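J.: Compact mmCIF, C-alpha atoms and all ligand atoms, file input.txt:
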# COMPACT_ATOMS: atom_id res chain seq x y z
CA MET Z 1 198.64 89.85 -36.53
CA LYS Z 2 198.49 89.30 -32.81
CA PRO Z 3 197.49 92.16 -30.54
CA VAL Z 4 200.19 93.88 -28.50
CA GLY Z 5 200.01 94.20 -24.69
CA ILE Z 6 202.21 96.77 -22.98
CA ALA Z 7 202.69 96.81 -19.19
CA MET Z 8 203.15 100.14 -17.50
CA PRO Z 9 205.84 99.91 -14.78
CA GLY Z 10 204.64 97.68 -11.93
CA ASN Z 11 202.11 95.85 -14.12
CA GLU Z 12 204.48 93.27 -15.60
CA ARG Z 13 203.31 90.36 -13.44
CA LEU Z 14 199.65 90.86 -14.26
CA THR Z 15 200.54 91.19 -17.96
CA ASP Z 16 202.49 87.91 -17.76
CA ASP Z 17 199.47 86.30 -16.11
CA LEU Z 18 197.18 87.57 -18.88
CA ALA Z 19 199.57 86.09 -21.44
CA ALA Z 20 198.91 82.68 -19.92
CA HIS Z 21 195.24 83.07 -20.89
CA PHE Z 22 195.39 84.41 -24.46
CA ASP Z 23 197.88 85.04 -27.20
CA PHE Z 24 199.39 88.48 -27.65
CA ASP Z 25 202.82 89.98 -28.27
CA ARG Z 26 204.46 91.70 -25.33
CA GLY Z 27 205.26 95.27 -26.29
CA LEU Z 28 207.77 97.52 -24.58
CA ALA Z 29 207.61 101.16 -23.61
CA THR Z 30 210.00 103.46 -21.85
CA VAL Z 31 208.33 105.36 -19.04
CA ARG Z 32 210.57 107.64 -17.05
CA ARG Z 33 210.78 111.10 -15.54
CA PHE Z 34 212.77 114.02 -16.78
CA PRO Z 35 214.88 115.68 -14.08
CA ASP Z 36 212.18 118.36 -13.71
CA GLY Z 37 209.58 115.72 -12.80
CA GLU Z 38 207.73 115.67 -16.13
CA SER Z 39 207.02 112.30 -17.72
CA HIS Z 40 208.81 110.97 -20.77
CA VAL Z 41 207.25 108.00 -22.54
CA ARG Z 42 208.20 106.17 -25.71
CA ALA Z 43 206.69 103.14 -27.43
CA GLU Z 44 209.69 100.90 -28.11
CA THR Z 45 207.76 98.23 -30.01
CA SER Z 46 206.42 98.90 -33.49
CA VAL Z 47 202.64 99.12 -33.16
CA GLU Z 48 201.72 100.24 -36.67
CA GLY Z 49 198.56 98.46 -37.80
CA ARG Z 50 198.25 96.61 -34.49
CA HIS Z 51 195.56 96.44 -31.84
CA VAL Z 52 197.28 97.48 -28.62
CA PHE Z 53 196.31 97.44 -24.97
CA ILE Z 54 198.08 99.01 -22.02
CA VAL Z 55 197.96 97.33 -18.61
CA CYS Z 56 198.00 99.91 -15.86
CA THR Z 57 196.25 99.48 -12.55
CA LEU Z 58 195.35 102.88 -11.15
CA ASP Z 59 196.00 102.88 -7.43
CA ARG Z 60 198.00 106.01 -6.44
CA PRO Z 61 196.66 107.38 -9.70
CA ASP Z 62 198.00 110.90 -9.78
CA ASP Z 63 201.51 109.70 -10.65
CA LYS Z 64 200.26 107.19 -13.17
CA LEU Z 65 197.65 109.03 -15.20
CA VAL Z 66 199.93 111.47 -17.00
CA PRO Z 67 202.39 108.85 -18.30
CA LEU Z 68 199.50 106.51 -19.12
CA LEU Z 69 197.65 109.08 -21.22
CA LEU Z 70 200.87 110.19 -22.92
CA LEU Z 71 201.72 106.59 -23.79
CA ALA Z 72 198.23 106.09 -25.24
CA CYS Z 73 198.85 109.17 -27.43
CA ALA Z 74 202.29 107.90 -28.46
CA ILE Z 75 200.91 104.50 -29.42
CA ARG Z 76 198.10 105.98 -31.47
CA GLU Z 77 200.46 108.39 -33.22
CA ALA Z 78 202.73 105.42 -34.02
CA GLY Z 79 199.90 103.94 -36.08
CA ALA Z 80 198.06 101.52 -33.75
CA VAL Z 81 194.61 100.54 -35.01
CA SER Z 82 193.18 100.73 -31.49
CA VAL Z 83 194.41 101.39 -27.96
CA GLY Z 84 192.68 99.76 -24.99
CA LEU Z 85 193.27 100.11 -21.27
CA VAL Z 86 193.29 97.27 -18.76
CA ALA Z 87 193.07 98.97 -15.36
CA PRO Z 88 192.19 96.29 -12.80
CA TYR Z 89 191.75 98.99 -10.16
CA LEU Z 90 189.94 102.05 -11.47
CA ALA Z 91 190.71 105.15 -9.45
CA TYR Z 92 188.52 108.11 -8.56
CA MET Z 93 185.25 106.20 -8.66
CA ARG Z 94 184.49 107.04 -5.00
CA GLN Z 95 184.33 110.78 -5.69
CA ASP Z 96 181.00 110.26 -7.35
CA ARG Z 97 179.13 113.31 -6.13
CA GLN Z 98 179.71 116.76 -4.79
CA PHE Z 99 179.93 116.03 -1.07
CA HIS Z 100 180.67 119.66 -0.11
CA ALA Z 101 180.20 123.02 -1.81
CA GLY Z 102 183.16 123.90 -3.99
CA GLU Z 103 184.08 120.28 -4.78
CA THR Z 104 183.79 118.65 -8.17
CA ILE Z 105 182.69 115.16 -9.20
CA SER Z 106 186.19 113.83 -9.87
CA ALA Z 107 184.87 110.54 -11.26
CA GLN Z 108 183.35 112.37 -14.24
CA HIS Z 109 186.48 114.31 -15.08
CA VAL Z 110 188.95 111.45 -14.75
CA ALA Z 111 186.62 109.26 -16.83
CA ALA Z 112 186.45 111.96 -19.50
CA TRP Z 113 190.25 112.26 -19.64
CA ILE Z 114 190.69 108.51 -20.01
CA SER Z 115 187.83 108.23 -22.52
CA ARG Z 116 189.48 110.87 -24.70
CA HIS Z 117 192.68 108.83 -25.07
CA VAL Z 118 191.78 105.14 -25.19
CA ASP Z 119 189.20 103.20 -27.19
CA TRP Z 120 188.04 100.72 -24.57
CA LEU Z 121 188.43 99.89 -20.91
CA VAL Z 122 188.51 96.69 -18.87
CA THR Z 123 188.47 96.87 -15.10
CA VAL Z 124 187.54 94.79 -12.06
CA ASP Z 125 184.56 95.64 -9.85
CA PRO Z 126 184.78 99.42 -10.00
CA HIS Z 127 183.23 101.31 -7.11
CA LEU Z 128 179.75 101.75 -8.59
CA HIS Z 129 177.55 103.37 -6.01
CA ARG Z 130 175.92 106.67 -6.86
CA ILE Z 131 177.24 106.10 -10.37
CA ALA Z 132 175.39 102.92 -11.29
CA GLU Z 133 177.15 102.06 -14.58
CA LEU Z 134 180.56 102.95 -16.00
CA SER Z 135 178.78 104.21 -19.13
CA GLN Z 136 177.40 107.09 -17.07
CA VAL Z 137 180.90 108.57 -16.89
CA TYR Z 138 182.98 106.72 -19.52
CA SER Z 139 182.09 107.48 -23.12
CA ILE Z 140 184.12 104.48 -24.41
CA PRO Z 141 182.95 100.85 -24.27
CA SER Z 142 183.94 99.06 -21.09
CA ARG Z 143 183.78 95.59 -19.58
CA VAL Z 144 183.79 94.79 -15.87
CA ALA Z 145 185.44 91.58 -14.70
CA HIS Z 146 184.16 90.34 -11.36
CA ALA Z 147 186.06 89.12 -8.32
CA ALA Z 148 183.11 87.30 -6.74
CA ASP Z 149 183.90 83.87 -8.15
CA GLY Z 150 187.55 84.03 -7.06
CA VAL Z 151 186.67 85.34 -3.61
CA ALA Z 152 183.95 82.71 -3.15
CA SER Z 153 186.32 79.88 -4.08
CA TRP Z 154 188.99 81.21 -1.73
CA VAL Z 155 186.49 81.43 1.14
CA ARG Z 156 185.11 77.95 0.46
CA LEU Z 157 188.58 76.40 0.44
CA ASN Z 158 190.16 78.33 3.32
CA VAL Z 159 187.60 79.31 5.93
CA ASN Z 160 185.84 77.02 8.35
CA GLN Z 161 182.10 77.82 8.71
CA PRO Z 162 182.29 81.31 7.23
CA LEU Z 163 179.86 84.14 7.93
CA LEU Z 164 180.37 86.85 5.31
CA ILE Z 165 180.04 90.39 6.64
CA GLY Z 166 179.68 93.54 4.55
CA PRO Z 167 180.70 96.61 6.57
CA ASP Z 168 178.32 98.96 4.76
CA GLU Z 169 175.46 99.11 2.29
CA GLU Z 170 177.84 99.75 -0.57
CA SER Z 171 179.48 96.38 0.03
CA ALA Z 172 176.13 94.56 -0.13
CA GLN Z 173 176.35 94.01 -3.89
CA TRP Z 174 179.70 92.13 -3.62
CA VAL Z 175 179.00 90.35 -0.34
CA ARG Z 176 175.63 89.00 -1.48
CA ASP Z 177 177.13 87.75 -4.73
CA VAL Z 178 180.10 86.08 -3.00
CA ALA Z 179 177.83 84.52 -0.36
CA GLN Z 180 175.53 83.05 -3.00
CA ARG Z 181 178.43 81.57 -4.96
CA ALA Z 182 180.10 80.17 -1.82
CA GLU Z 183 176.70 79.09 -0.43
CA VAL Z 184 177.38 80.66 2.96
CA PRO Z 185 175.35 83.10 5.12
CA PHE Z 186 175.97 86.85 5.11
CA ILE Z 187 175.01 90.01 6.97
CA ILE Z 188 175.39 93.68 6.00
CA LEU Z 189 176.21 96.35 8.60
CA ALA Z 190 175.50 100.08 8.46
CA LYS Z 191 178.41 102.54 8.28
CA THR Z 192 178.63 106.26 8.94
CA ARG Z 193 181.76 108.02 7.70
CA ARG Z 194 182.49 111.33 9.40
CA GLY Z 195 185.91 111.92 7.87
CA ASP Z 196 188.73 110.18 5.95
CA ARG Z 197 189.73 108.24 9.07
CA ASP Z 198 186.60 108.53 11.22
CA VAL Z 199 184.18 105.68 10.60
CA LYS Z 200 181.37 104.17 12.75
CA VAL Z 201 179.86 100.77 11.98
CA SER Z 202 176.66 99.29 13.46
CA ILE Z 203 176.85 96.30 15.84
CA PRO Z 204 175.32 93.18 14.30
CA GLU Z 205 172.93 90.74 15.97
CA VAL Z 206 175.41 87.93 16.59
CA ASP Z 207 174.15 85.25 18.90
CA ARG Z 208 173.33 82.79 16.14
CA TRP Z 209 176.75 83.26 14.52
CA ARG Z 210 179.04 82.49 17.47
CA SER Z 211 180.33 79.25 15.97
CA HIS Z 212 181.15 80.92 12.62
CA THR Z 213 184.32 82.58 11.35
CA PRO Z 214 183.52 86.16 10.35
CA VAL Z 215 184.82 87.09 6.91
CA LEU Z 216 184.72 90.83 6.20
CA VAL Z 217 184.46 91.54 2.50
CA ASP Z 218 184.83 94.98 0.93
CA ASP Z 219 185.69 96.24 -2.51
CA ILE Z 220 188.36 98.76 -1.49
CA VAL Z 221 190.50 98.88 1.63
CA SER Z 222 192.22 102.25 1.74
CA THR Z 223 192.81 103.64 5.24
CA ALA Z 224 191.29 100.34 6.54
CA ARG Z 225 189.24 102.38 9.06
CA THR Z 226 186.05 100.67 7.85
CA MET Z 227 187.51 97.21 8.46
CA ILE Z 228 189.32 98.20 11.68
CA GLU Z 229 186.11 99.59 13.18
CA THR Z 230 184.23 96.43 12.19
CA VAL Z 231 186.95 94.07 13.47
CA GLY Z 232 186.87 95.95 16.81
CA HIS Z 233 183.09 95.50 17.15
CA LEU Z 234 183.18 91.84 16.28
CA ARG Z 235 185.94 91.16 18.79
CA ARG Z 236 184.17 93.13 21.54
CA ILE Z 237 180.95 91.16 21.14
CA GLY Z 238 182.82 87.88 21.32
CA LEU Z 239 183.01 86.66 17.74
CA ALA Z 240 186.13 84.92 16.47
CA ALA Z 241 188.92 87.03 14.95
CA PRO Z 242 187.74 87.87 11.44
CA VAL Z 243 189.36 87.19 8.11
CA CYS Z 244 189.43 90.39 6.02
CA VAL Z 245 189.08 90.13 2.25
CA ALA Z 246 189.56 93.09 -0.09
CA VAL Z 247 189.04 93.12 -3.82
CA HIS Z 248 191.34 96.14 -4.21
CA ALA Z 249 194.25 96.30 -1.75
CA VAL Z 250 194.90 100.03 -1.79
CA PHE Z 251 196.20 100.05 1.82
CA ALA Z 252 197.21 103.68 2.31
CA GLN Z 253 200.26 104.36 4.49
CA THR Z 254 200.21 102.00 7.51
CA ALA Z 255 196.68 100.65 6.88
CA PHE Z 256 197.79 97.04 6.40
CA GLU Z 257 199.78 96.96 9.65
CA ASP Z 258 196.98 98.83 11.46
CA LEU Z 259 194.43 96.23 10.36
CA HIS Z 260 196.65 93.39 11.56
CA ALA Z 261 197.14 95.18 14.88
CA ALA Z 262 193.36 95.65 15.21
CA GLY Z 263 192.94 91.87 15.42
CA ALA Z 264 192.29 90.57 11.90
CA ALA Z 265 193.06 86.86 11.82
CA ASP Z 266 194.14 87.09 8.19
CA ILE Z 267 194.12 89.73 5.44
CA VAL Z 268 193.62 88.54 1.91
CA SER Z 269 193.19 90.41 -1.35
CA CYS Z 270 192.69 89.93 -5.07
CA ASP Z 271 195.64 90.80 -7.28
CA THR Z 272 194.22 93.94 -8.91
CA ILE Z 273 196.89 95.94 -7.04
CA SER Z 274 200.18 94.23 -6.29
CA HIS Z 275 200.39 93.76 -2.51
CA PRO Z 276 201.75 91.13 -0.07
CA SER Z 277 198.16 90.20 0.83
CA ASN Z 278 197.37 89.09 -2.77
CA ARG Z 279 196.08 85.52 -2.74
CA ILE Z 280 193.19 85.58 -5.19
CA ALA Z 281 194.24 85.66 -8.85
CA LEU Z 282 191.88 87.32 -11.31
CA ALA Z 283 193.84 87.10 -14.57
CA SER Z 284 191.47 84.57 -16.05
CA ALA Z 285 188.40 86.80 -15.49
CA ILE Z 286 190.25 89.89 -16.74
CA ALA Z 287 191.55 88.05 -19.81
CA ALA Z 288 188.03 86.95 -20.74
CA SER Z 289 186.90 90.60 -20.75
CA VAL Z 290 189.94 91.83 -22.69
CA ARG Z 291 189.40 89.24 -25.41
CA GLU Z 292 185.98 90.69 -26.11
CA PHE Z 293 187.70 93.81 -27.46
CA LEU Z 294 190.33 92.10 -29.57
CA PRO Z 295 189.99 90.53 -33.00
C1 LIG Z 301 183.35 102.69 0.47
O1 LIG Z 301 182.37 103.11 0.09
C2 LIG Z 301 184.05 101.45 0.05
O2 LIG Z 301 183.21 100.41 -0.31
C3 LIG Z 301 184.98 101.02 1.18
O3 LIG Z 301 184.20 100.65 2.31
C4 LIG Z 301 185.88 102.13 1.55
O4 LIG Z 301 186.52 102.58 0.40
C5 LIG Z 301 186.89 101.70 2.57
O5 LIG Z 301 187.71 102.78 2.86
P1 LIG Z 301 188.64 102.80 4.12
O6 LIG Z 301 189.52 101.59 4.04
O7 LIG Z 301 189.41 104.09 3.98
O8 LIG Z 301 187.76 102.81 5.34
Could you write out this file's structure as structure tokens?
T.:
Amino acid sequence: MKPVGIAMPGNERLTDDLAAHFDFDRGLATVRRFPDGESHVRAETSVEGRHVFIVCTLDRPDDKLVPLLLLACAIREAGAVSVGLVAPYLAYMRQDRQFHAGETISAQHVAAWISRHVDWLVTVDPHLHRIAELSQVYSIPSRVAHAADGVASWVRLNVNQPLLIGPDEESAQWVRDVAQRAEVPFIILAKTRRGDRDVKVSIPEVDRWRSHTPVLVDDIVSTARTMIETVGHLRRIGLAAPVCVAVHAVFAQTAFEDLHAAGAADIVSCDTISHPSNRIALASAIAASVREFLP
């Protein structure tokens, strides 16, 4: 029997895209709120004896986690052989240490909750920094699909004489990989974050790059302060208006508009979170990872 893929609300397009890459039955679930704000979920498709996966990207995760975990429980109780999670954006990975007294390492707790309810996880380039591997926090098997190939192809096809720029050390792993695949030069800047929206980025040595188009690449754009600060520097020192590329287009509140207003020539993202900037499709890479968990 074919596996069953169920899209949580908002994940239908990605689930359709996955269906173009491998064969599975589309399952249905009701996910709604009771008048008091609690979640009500129901598996509408029979899943008895089936391998099931739920597609649920986890931006704005607090509203999504409760219905997701309840649906995983409902599916298992309805007799599924296994329940996997395809979460192209994996939330809470940035809270990977206790930054201040009294805080907790959220990444560990959220990973433990998810690990308790699903059998496997597929995601795209999770924010692995002080946590080096997902297995340090997730007790279930996981696979990471990578955006580098898609980003490199997009850059090669769309940008004239690109210079890839990573705004901070944490971005070095993605930027280096993309640069090697696209066979273009790259530099990594140094960032100091003083608060959610207070970010300082070092000024790069630029003389040799004046004829290039700067392409800022980062894994997550949330407030966009990191990119806005970097765009400002590059413009002040006379480089061309940069193209900004995000793997995960979180774009909190007015971040997208703010980044445009700061002087980005273009803003492009992968489709791990549905957003108007999506131009790099990753379904093929995600599908390859999902298939590893299915019979
Ligand atoms: C940080 O470590 C990440 O790689 C990104 O640089 C960061 O999440 C960007 O956040 P924001 O858009 O809020 O500056």
J.: Which is closest to ligand LIG 301 (chain Z) among Z:Arg176, Z:Arg94, Z:Arg33, Z:Arg42, if we use all atoms listed in the file?
T.: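 Among Z:Arg176, Z:Arg94, Z:Arg33, Z:Arg42, it is Z:Arg94 that comes nearest to ligand LIG 301 (chain Z).
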J.: Just how far from atom CA of Gly195 of chain Z is atom CA of Leu163 of chain Z, in Å to one decimal?
T.: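 Interatomic distance here is 28.4 Å.
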J.: 6 Å from ligand LIG 301 (chain Z) is the threshold here; counting all atoms listed in the file, which polymer residues fall inside it? Answer as a list of chain:residue names.
T.: Z:Glu170, Z:Ser171, Z:Asp218, Z:Asp219, Z:Ile220, Z:Val221, Z:Ser222, Z:Thr223, Z:Ala224, Z:Arg225, Z:Thr226
J.: How many Å lie between atom CA of Pro295 of chain Z and atom CA of Ala112 of chain Z, rounded to one decimal?
T.: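 Distance reported for this atom pair: 25.6 Å.
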J.: Record the distance separating atom CA of His109 of chain Z and atom CA of Leu58 of chain Z, expressed in Å with one decimal.
T.: 15.0 Å
J.: With distances taken over only C-alpha atoms, which residue among Z:Val55, Z:Leu68, Z:Val151, Z:Leu239 lies nearest Val122 of chain Z?
T.: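 Answer, going by the shortest atom-to-atom distance: Z:Val55.
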J.: Could you tell me which of Z:Leu234, Z:Ala147, Z:Met227, Z:Val155 comes closest to Val247 of chain Z if we count all atoms listed in the file?
T.: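 That would be Z:Ala147, the residue with the smallest distance to Val247 of chain Z.
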